[in-house]
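Undergrad: Pasting input-v3.cif here (mmCIF, C-alpha atoms and all ligand atoms):
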```cif
data_start
#
loop_
_atom_site.label_atom_id
_atom_site.label_comp_id
_atom_site.auth_asym_id
_atom_site.auth_seq_id
_atom_site.Cartn_x
_atom_site.Cartn_y
_atom_site.Cartn_z
CA MET A 25 -16.50 61.28 -89.23
CA GLN A 26 -19.59 59.67 -87.73
CA THR A 27 -17.60 56.54 -86.81
CA GLY A 28 -14.92 58.68 -85.18
CA LYS A 29 -17.52 60.47 -83.05
CA LYS A 30 -19.14 57.18 -82.06
CA LEU A 31 -15.77 55.78 -81.07
CA LYS A 32 -15.01 58.90 -79.01
CA ASP A 33 -18.41 58.66 -77.29
CA PHE A 34 -17.87 54.98 -76.63
CA THR A 35 -14.40 55.60 -75.19
CA LYS A 36 -15.82 58.34 -72.93
CA PHE A 37 -18.63 56.02 -71.85
CA TYR A 38 -16.23 53.12 -71.27
CA LYS A 39 -13.92 55.32 -69.20
CA SER A 40 -16.76 56.54 -66.98
CA MET A 41 -18.00 52.95 -66.57
CA ASN A 42 -14.53 51.81 -65.71
CA ILE A 43 -14.12 54.47 -63.01
CA GLN A 44 -17.41 53.45 -61.44
CA SER A 45 -16.53 49.74 -61.62
CA ASN A 46 -13.39 50.58 -59.69
CA ASP A 47 -15.61 51.56 -56.78
CA PHE A 48 -15.53 47.83 -56.00
CA TYR A 49 -11.90 47.00 -55.22
CA LYS A 50 -11.24 43.28 -54.95
CA VAL A 51 -8.28 42.89 -52.58
CA PRO A 52 -5.58 40.71 -54.17
CA ASN A 53 -3.67 38.02 -52.26
CA ILE A 54 -6.02 37.75 -49.27
CA LYS A 55 -8.54 34.92 -49.07
CA PHE A 56 -10.07 33.60 -45.86
CA ASP A 57 -11.50 30.14 -45.13
CA ILE A 58 -15.23 30.63 -45.73
CA PHE A 59 -16.09 27.32 -44.01
CA ARG A 60 -14.34 28.40 -40.79
CA LEU A 61 -16.05 31.81 -41.00
CA LYS A 62 -19.49 30.18 -41.36
CA ALA A 63 -18.80 27.68 -38.54
CA ASP A 64 -17.59 30.33 -36.09
CA LEU A 65 -20.41 32.71 -37.05
CA GLU A 66 -22.86 29.97 -36.05
CA LYS A 67 -21.12 29.65 -32.65
CA ILE A 68 -21.19 33.44 -32.12
CA LEU A 69 -24.90 33.65 -33.01
CA VAL A 70 -25.68 31.13 -30.25
CA LYS A 71 -24.11 33.57 -27.74
CA LYS A 72 -24.95 36.97 -29.21
CA LYS A 73 -27.93 38.63 -30.87
CA PHE A 74 -27.85 41.28 -33.60
CA ASN A 75 -28.32 44.76 -32.17
CA SER A 76 -31.13 46.30 -34.23
CA LEU A 77 -31.58 49.60 -32.28
CA GLY A 78 -35.25 49.08 -33.03
CA ILE A 79 -34.54 50.26 -36.60
CA LYS A 80 -36.24 48.38 -39.41
CA ASN A 81 -33.84 46.28 -41.49
CA PHE A 82 -30.73 46.99 -39.42
CA GLY A 83 -28.72 44.50 -37.35
CA ALA A 84 -25.10 44.60 -36.17
CA ILE A 85 -22.70 42.74 -33.88
CA SER A 86 -19.50 44.64 -33.05
CA LEU A 87 -16.22 42.78 -33.44
CA ASN A 88 -14.01 45.51 -31.98
CA GLN A 89 -14.36 48.31 -29.46
CA ILE A 90 -12.50 51.24 -27.92
CA PRO A 91 -10.13 49.51 -25.43
CA GLY A 92 -11.91 48.82 -22.13
CA ASP A 93 -15.00 50.78 -23.23
CA GLN A 94 -18.11 48.59 -23.39
CA LYS A 95 -20.22 51.67 -24.14
CA SER A 96 -18.39 52.16 -27.46
CA ILE A 97 -20.34 49.20 -28.89
CA GLU A 98 -23.69 50.08 -27.40
CA GLY A 99 -26.64 52.08 -28.77
CA HIS A 100 -26.01 54.20 -31.85
CA ASN A 101 -22.25 53.51 -31.73
CA VAL A 102 -23.03 50.36 -33.77
CA ARG A 103 -24.40 52.57 -36.56
CA GLY A 104 -22.74 55.99 -37.05
CA THR A 105 -23.04 59.04 -39.31
CA TYR A 106 -24.31 58.90 -42.87
CA TRP A 107 -25.89 61.30 -45.34
CA THR A 108 -29.09 60.58 -47.24
CA LEU A 109 -31.48 62.15 -49.77
CA PRO A 110 -34.79 61.54 -48.02
CA ASP A 111 -37.33 63.18 -50.34
CA GLU A 112 -38.18 64.86 -53.63
CA SER A 113 -36.40 68.09 -52.71
CA GLY A 114 -33.08 66.29 -53.27
CA GLU A 115 -31.69 68.02 -50.21
CA GLU A 116 -29.10 66.04 -48.32
CA ALA A 117 -29.71 65.23 -44.65
CA LYS A 118 -27.18 64.07 -42.05
CA ARG A 119 -28.23 61.22 -39.81
CA ASP A 120 -27.01 59.59 -36.60
CA ILE A 121 -23.87 60.25 -34.49
CA SER A 122 -20.21 60.79 -35.44
CA ILE A 123 -17.79 58.02 -34.51
CA ASP A 124 -14.05 58.30 -33.78
CA GLU A 125 -13.24 55.23 -35.86
CA SER A 126 -9.49 55.15 -35.21
CA LYS A 127 -10.06 54.44 -31.49
CA TYR A 128 -11.61 51.01 -32.21
CA THR A 129 -8.59 48.76 -31.75
CA GLU A 130 -9.59 46.03 -29.27
CA LEU A 131 -11.20 42.73 -30.25
CA VAL A 132 -14.42 42.08 -28.30
CA SER A 133 -13.76 39.18 -25.89
CA ASP A 134 -16.51 36.91 -27.33
CA PHE A 135 -14.37 36.62 -30.47
CA HIS A 136 -11.20 35.53 -28.65
CA ASN A 137 -9.95 32.14 -29.87
CA THR A 138 -12.32 32.11 -32.83
CA TYR A 139 -11.42 32.32 -36.53
CA PHE A 140 -12.66 35.92 -36.41
CA GLU A 141 -9.62 36.77 -34.25
CA GLU A 142 -7.30 35.50 -36.99
CA VAL A 143 -9.27 37.39 -39.67
CA TYR A 144 -9.25 40.59 -37.58
CA ASN A 145 -5.49 40.41 -37.01
CA THR A 146 -4.79 39.77 -40.71
CA LEU A 147 -7.00 42.69 -41.75
CA ARG A 148 -5.37 45.03 -39.22
CA LYS A 149 -1.91 44.14 -40.54
CA ASN A 150 -2.99 45.11 -44.07
CA PHE A 151 -5.38 48.05 -43.58
CA LYS A 152 -5.97 50.99 -41.27
CA LEU A 153 -9.34 49.98 -39.83
CA GLY A 154 -12.06 51.62 -37.79
CA ARG A 155 -15.03 49.70 -36.49
CA VAL A 156 -15.46 46.10 -37.59
CA ARG A 157 -18.97 44.68 -37.44
CA ILE A 158 -20.97 41.66 -38.52
CA LEU A 159 -23.89 43.19 -40.42
CA LEU A 160 -27.24 41.55 -41.05
CA LYS A 161 -29.38 42.34 -44.07
CA GLU A 162 -32.74 40.72 -43.63
CA PRO A 163 -34.51 38.87 -46.47
CA ARG A 164 -36.32 41.13 -48.95
CA SER A 165 -34.88 44.31 -47.44
CA THR A 166 -32.89 47.34 -48.47
CA LEU A 167 -31.05 50.31 -46.94
CA SER A 168 -31.60 54.02 -47.52
CA TRP A 169 -29.87 55.66 -50.49
CA HIS A 170 -26.89 57.10 -48.58
CA ARG A 171 -23.18 57.88 -48.39
CA ASP A 172 -20.77 57.11 -45.53
CA PRO A 173 -17.72 58.99 -44.21
CA GLU A 174 -15.31 56.27 -45.41
CA PRO A 175 -15.03 53.16 -47.62
CA ARG A 176 -16.04 49.74 -46.29
CA LEU A 177 -14.33 46.37 -46.49
CA HIS A 178 -16.68 43.42 -47.03
CA ILE A 179 -16.21 39.73 -46.38
CA PRO A 180 -19.54 38.09 -47.29
CA ILE A 181 -20.24 35.09 -45.03
CA ILE A 182 -23.81 34.23 -46.00
CA THR A 183 -25.24 35.62 -49.21
CA ASN A 184 -27.58 34.63 -52.07
CA PRO A 185 -27.82 35.51 -55.78
CA GLY A 186 -30.39 38.24 -55.02
CA CYS A 187 -27.92 40.29 -52.96
CA ARG A 188 -26.45 43.41 -54.61
CA MET A 189 -24.39 46.36 -53.54
CA VAL A 190 -25.29 49.39 -55.67
CA ILE A 191 -22.84 52.31 -55.91
CA GLU A 192 -24.25 55.15 -57.99
CA ASP A 193 -25.46 53.33 -61.14
CA ILE A 194 -23.38 50.14 -60.80
CA ALA A 195 -24.66 47.02 -59.00
CA LYS A 196 -22.45 44.07 -58.04
CA HIS A 197 -22.89 40.77 -56.24
CA MET A 198 -20.12 39.92 -53.79
CA PRO A 199 -19.72 36.16 -53.41
CA ALA A 200 -19.25 34.39 -50.04
CA ASP A 201 -16.04 32.64 -51.03
CA GLY A 202 -13.55 34.10 -48.54
CA THR A 203 -12.54 36.99 -50.80
CA VAL A 204 -12.34 40.60 -49.64
CA THR A 205 -13.83 43.61 -51.45
CA ILE A 206 -13.46 47.27 -50.51
CA THR A 207 -16.40 49.40 -51.67
CA ASN A 208 -16.41 53.14 -52.20
CA ASN A 209 -19.10 54.04 -49.67
CA LYS A 210 -18.16 57.73 -49.90
CA LYS A 211 -20.32 57.73 -53.04
CA TYR A 212 -24.10 57.29 -52.83
CA HIS A 213 -24.94 53.60 -52.47
CA ASN A 214 -27.36 51.00 -51.24
CA PHE A 215 -27.44 47.29 -50.48
CA PHE A 216 -30.42 45.10 -51.13
CA ASN A 217 -31.14 41.51 -50.27
CA GLY A 218 -33.78 40.25 -52.69
CA GLY A 219 -33.46 36.67 -51.43
CA GLU A 220 -35.46 34.85 -48.78
CA GLN A 221 -32.44 34.13 -46.54
CA ALA A 222 -30.62 36.58 -44.26
CA ARG A 223 -27.41 38.05 -45.68
CA ILE A 224 -24.48 38.34 -43.27
CA HIS A 225 -21.23 40.20 -44.06
CA LEU A 226 -18.19 41.08 -41.98
CA VAL A 227 -17.86 44.83 -42.67
CA ALA A 228 -14.98 47.08 -41.62
CA CYS A 229 -14.57 50.85 -41.92
CA VAL A 230 -11.40 51.53 -43.94
CA LEU A 231 -9.49 54.66 -42.93
CA ASP A 232 -6.86 54.54 -45.69
CA SER A 233 -9.05 54.77 -48.81
CA PRO A 234 -7.88 53.02 -52.00
CA PHE A 235 -10.28 55.33 -53.91
CA GLU A 236 -8.64 58.72 -53.31
CA LYS A 237 -8.06 59.22 -57.05
CA ASN A 238 -11.79 58.77 -57.73
CA ASP A 239 -13.16 60.81 -54.83
FE FE A 301 -23.31 52.47 -46.29
#
```
Once you've parsed the file, please lay out its structure as structure tokens.
Ligand SMILES: [Fe+2]
TA:
Amino acid sequence: MQTGKKLKDFTKFYKSMNIQSNDFYKVPNIKFDIFRLKADLEKILVKKKFNSLGIKNFGAISLNQIPGDQKSIEGHNVRGTYWTLPDESGEEAKRDISIDESKYTELVSDFHNTYFEEVYNTLRKNFKLGRVRILLKEPRSTLSWHRDPEPRLHIPIITNPGCRMVIEDIAKHMPADGTVTITNNKKYHNFFNGGEQARIHLVACVLDSPFEKND
């Protein structure tokens, strides 16, 4: 009887763990050339600086924009709406501006004829994307505990063993090996870089969620 109960509890526990683990969806059959990504990132960083908006521990470079609209990648358009739990009351607060993600369909000209163009076109063929950005996570830094309006696709370019994405109670390291992971950012999450080197990911908003069943 006792064994049966334990087994039932374990199965329940395993199932809940499994559902949470599925909040990190490793995309099968797509792998990019990490060496070309690193080389072209270096070239881009000579030309462009991360836009920090003056916010601590935030930095972004937009890869795509609303066609012909330079303003769509300026100011708070590089950030966008999220919800957070700022204090002990546990009350949720909405931050920043809403973005019409589906309008972001044009590659920013600085990325023309780079490997990023190839990556962008491959991703667009396979997923319904919103904004695509190169996101910086500074050494020994973290985000707020927050949720986003949609899942995110990650291609780590520079990372270190102290980097973790945390979704609810599950933390995972995403390696910089050219693989693609979609994370369920509609659940509360965080990212921390506990290393002493900057972390840089290509991050895209995904408008056709693979997590609908879990939402
Ligand atoms: Fe997020």
Undergrad: Step by step, measure atom-to-atom distances between ligand FE 301 (chain A) and each residue using all atoms listed in the file, keep those at most 9 Å, then write them as a ChimeraX atom specification.
TA: /A:106,167-176,209-210,212-215
Undergrad: I'd like the interatomic distance between CA of Lys127 in chain A and CA of Ile182 in chain A, to a tenth of an Å.
TA: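 Atom-to-atom, CA of Lys127 in chain A to CA of Ile182 in chain A, that is 28.4 Å.
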Undergrad: Taking all atoms listed in the file into account, name the residue in A:Asn208, A:Asn184, A:Leu159, A:Val132 that is nearest to His225 in chain A.
TA: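 Among the listed residues, A:Leu159 lies closest to His225 in chain A.
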Undergrad: Provide the CA of Leu226 in chain A to CA of Leu160 in chain A distance in Å, to one decimal place.
TA: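 Atom-to-atom, CA of Leu226 in chain A to CA of Leu160 in chain A, that is 9.1 Å.
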Undergrad: Just checking: using all atoms listed in the file, which residue out of A:Ser133, A:Ser96, A:Ser165, A:Asn46 ends up closest to Lys71 in chain A?
TA: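 When distances to Lys71 in chain A are compared using all atoms listed in the file, the smallest one comes from A:Ser133.
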Undergrad: Using only C-alpha atoms, which residues of range 99-204 of chain A come within 7 Å of range 72-95 of chain A, and what is the closest atom pair for each, with the distance in Å to one decimal? Give it as a tab-separated table, sorted by chain and residue number.
TA:
```
residue	atom	partner	partner_atom	distance
A:Gly99	CA	A:Leu77	CA	6.5
A:Val102	CA	A:Ala84	CA	6.6
A:Lys127	CA	A:Ile90	CA	5.4
A:Tyr128	CA	A:Ile90	CA	4.4
A:Thr129	CA	A:Ile90	CA	6.0
A:Glu130	CA	A:Pro91	CA	5.2
A:Leu131	CA	A:Asn88	CA	4.3
A:Val132	CA	A:Asn88	CA	5.0
A:Arg155	CA	A:Asn88	CA	6.2
A:Val156	CA	A:Leu87	CA	5.4
A:Arg157	CA	A:Ser86	CA	4.4
A:Ile158	CA	A:Ile85	CA	5.1
A:Leu159	CA	A:Ala84	CA	4.6
A:Leu160	CA	A:Gly83	CA	5.0
A:Lys161	CA	A:Asn81	CA	6.5
A:Glu162	CA	A:Asn81	CA	6.1
A:Ser165	CA	A:Asn81	CA	6.4
```
Undergrad: Using CA of Ser126 in chain A and CA of Gly154 in chain A as the two end points, give the distance in Å to one decimal.
TA: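 Separation of CA of Ser126 in chain A and CA of Gly154 in chain A: 5.1 Å.
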Undergrad: What's around Arg60 in chain A at 12 Å? Count all atoms listed in the file, leave out sequence neighbours fewer than 6 positions away in its own chain, and write the answer as a list in words.
TA: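 In the requested format, the answer is Glu66, Lys67, Thr138, Tyr139, Phe140, Glu141, Glu142, Val143, Ile181, Asp201 and Gly202 of chain A.
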Undergrad: With all atoms listed in the file as the basis for distance, which of A:Asp134, A:Val230, A:Asp47, A:Lys62 is at the shortest distance from Ala195 in chain A?
TA: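 Comparing A:Asp134, A:Val230, A:Asp47, A:Lys62 against Ala195 in chain A, the winner is A:Asp47.
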Undergrad: Have a look at A:Thr205, A:Asn137, A:Thr146, A:Ser122 and name the one nearest to Gly104 in chain A; count all atoms listed in the file.
TA: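 Smallest distance to Gly104 in chain A is found for A:Ser122.
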Undergrad: Please determine the residues with any atom at most 10 Å from (-23.8, 34.7, -51.5) (coordinates as given in the file, with all atoms listed in the file counting) and report them as a PDB file with C-alpha atoms, in the frame of the given file.
TA:
```
ATOM      1  CA  PRO A 180     -19.540  38.090 -47.290  1.00  0.00           C
ATOM      2  CA  ILE A 181     -20.240  35.090 -45.030  1.00  0.00           C
ATOM      3  CA  ILE A 182     -23.810  34.230 -46.000  1.00  0.00           C
ATOM      4  CA  THR A 183     -25.240  35.620 -49.210  1.00  0.00           C
ATOM      5  CA  ASN A 184     -27.580  34.630 -52.070  1.00  0.00           C
ATOM      6  CA  PRO A 185     -27.820  35.510 -55.780  1.00  0.00           C
ATOM      7  CA  GLY A 186     -30.390  38.240 -55.020  1.00  0.00           C
ATOM      8  CA  CYS A 187     -27.920  40.290 -52.960  1.00  0.00           C
ATOM      9  CA  ARG A 188     -26.450  43.410 -54.610  1.00  0.00           C
ATOM     10  CA  HIS A 197     -22.890  40.770 -56.240  1.00  0.00           C
ATOM     11  CA  MET A 198     -20.120  39.920 -53.790  1.00  0.00           C
ATOM     12  CA  PRO A 199     -19.720  36.160 -53.410  1.00  0.00           C
ATOM     13  CA  ALA A 200     -19.250  34.390 -50.040  1.00  0.00           C
ATOM     14  CA  ASP A 201     -16.040  32.640 -51.030  1.00  0.00           C
ATOM     15  CA  GLY A 219     -33.460  36.670 -51.430  1.00  0.00           C
ATOM     16  CA  GLN A 221     -32.440  34.130 -46.540  1.00  0.00           C
ATOM     17  CA  ARG A 223     -27.410  38.050 -45.680  1.00  0.00           C
ATOM     18  CA  ILE A 224     -24.480  38.340 -43.270  1.00  0.00           C
ATOM     19  CA  HIS A 225     -21.230  40.200 -44.060  1.00  0.00           C
TER      20      HIS A 225
END
```
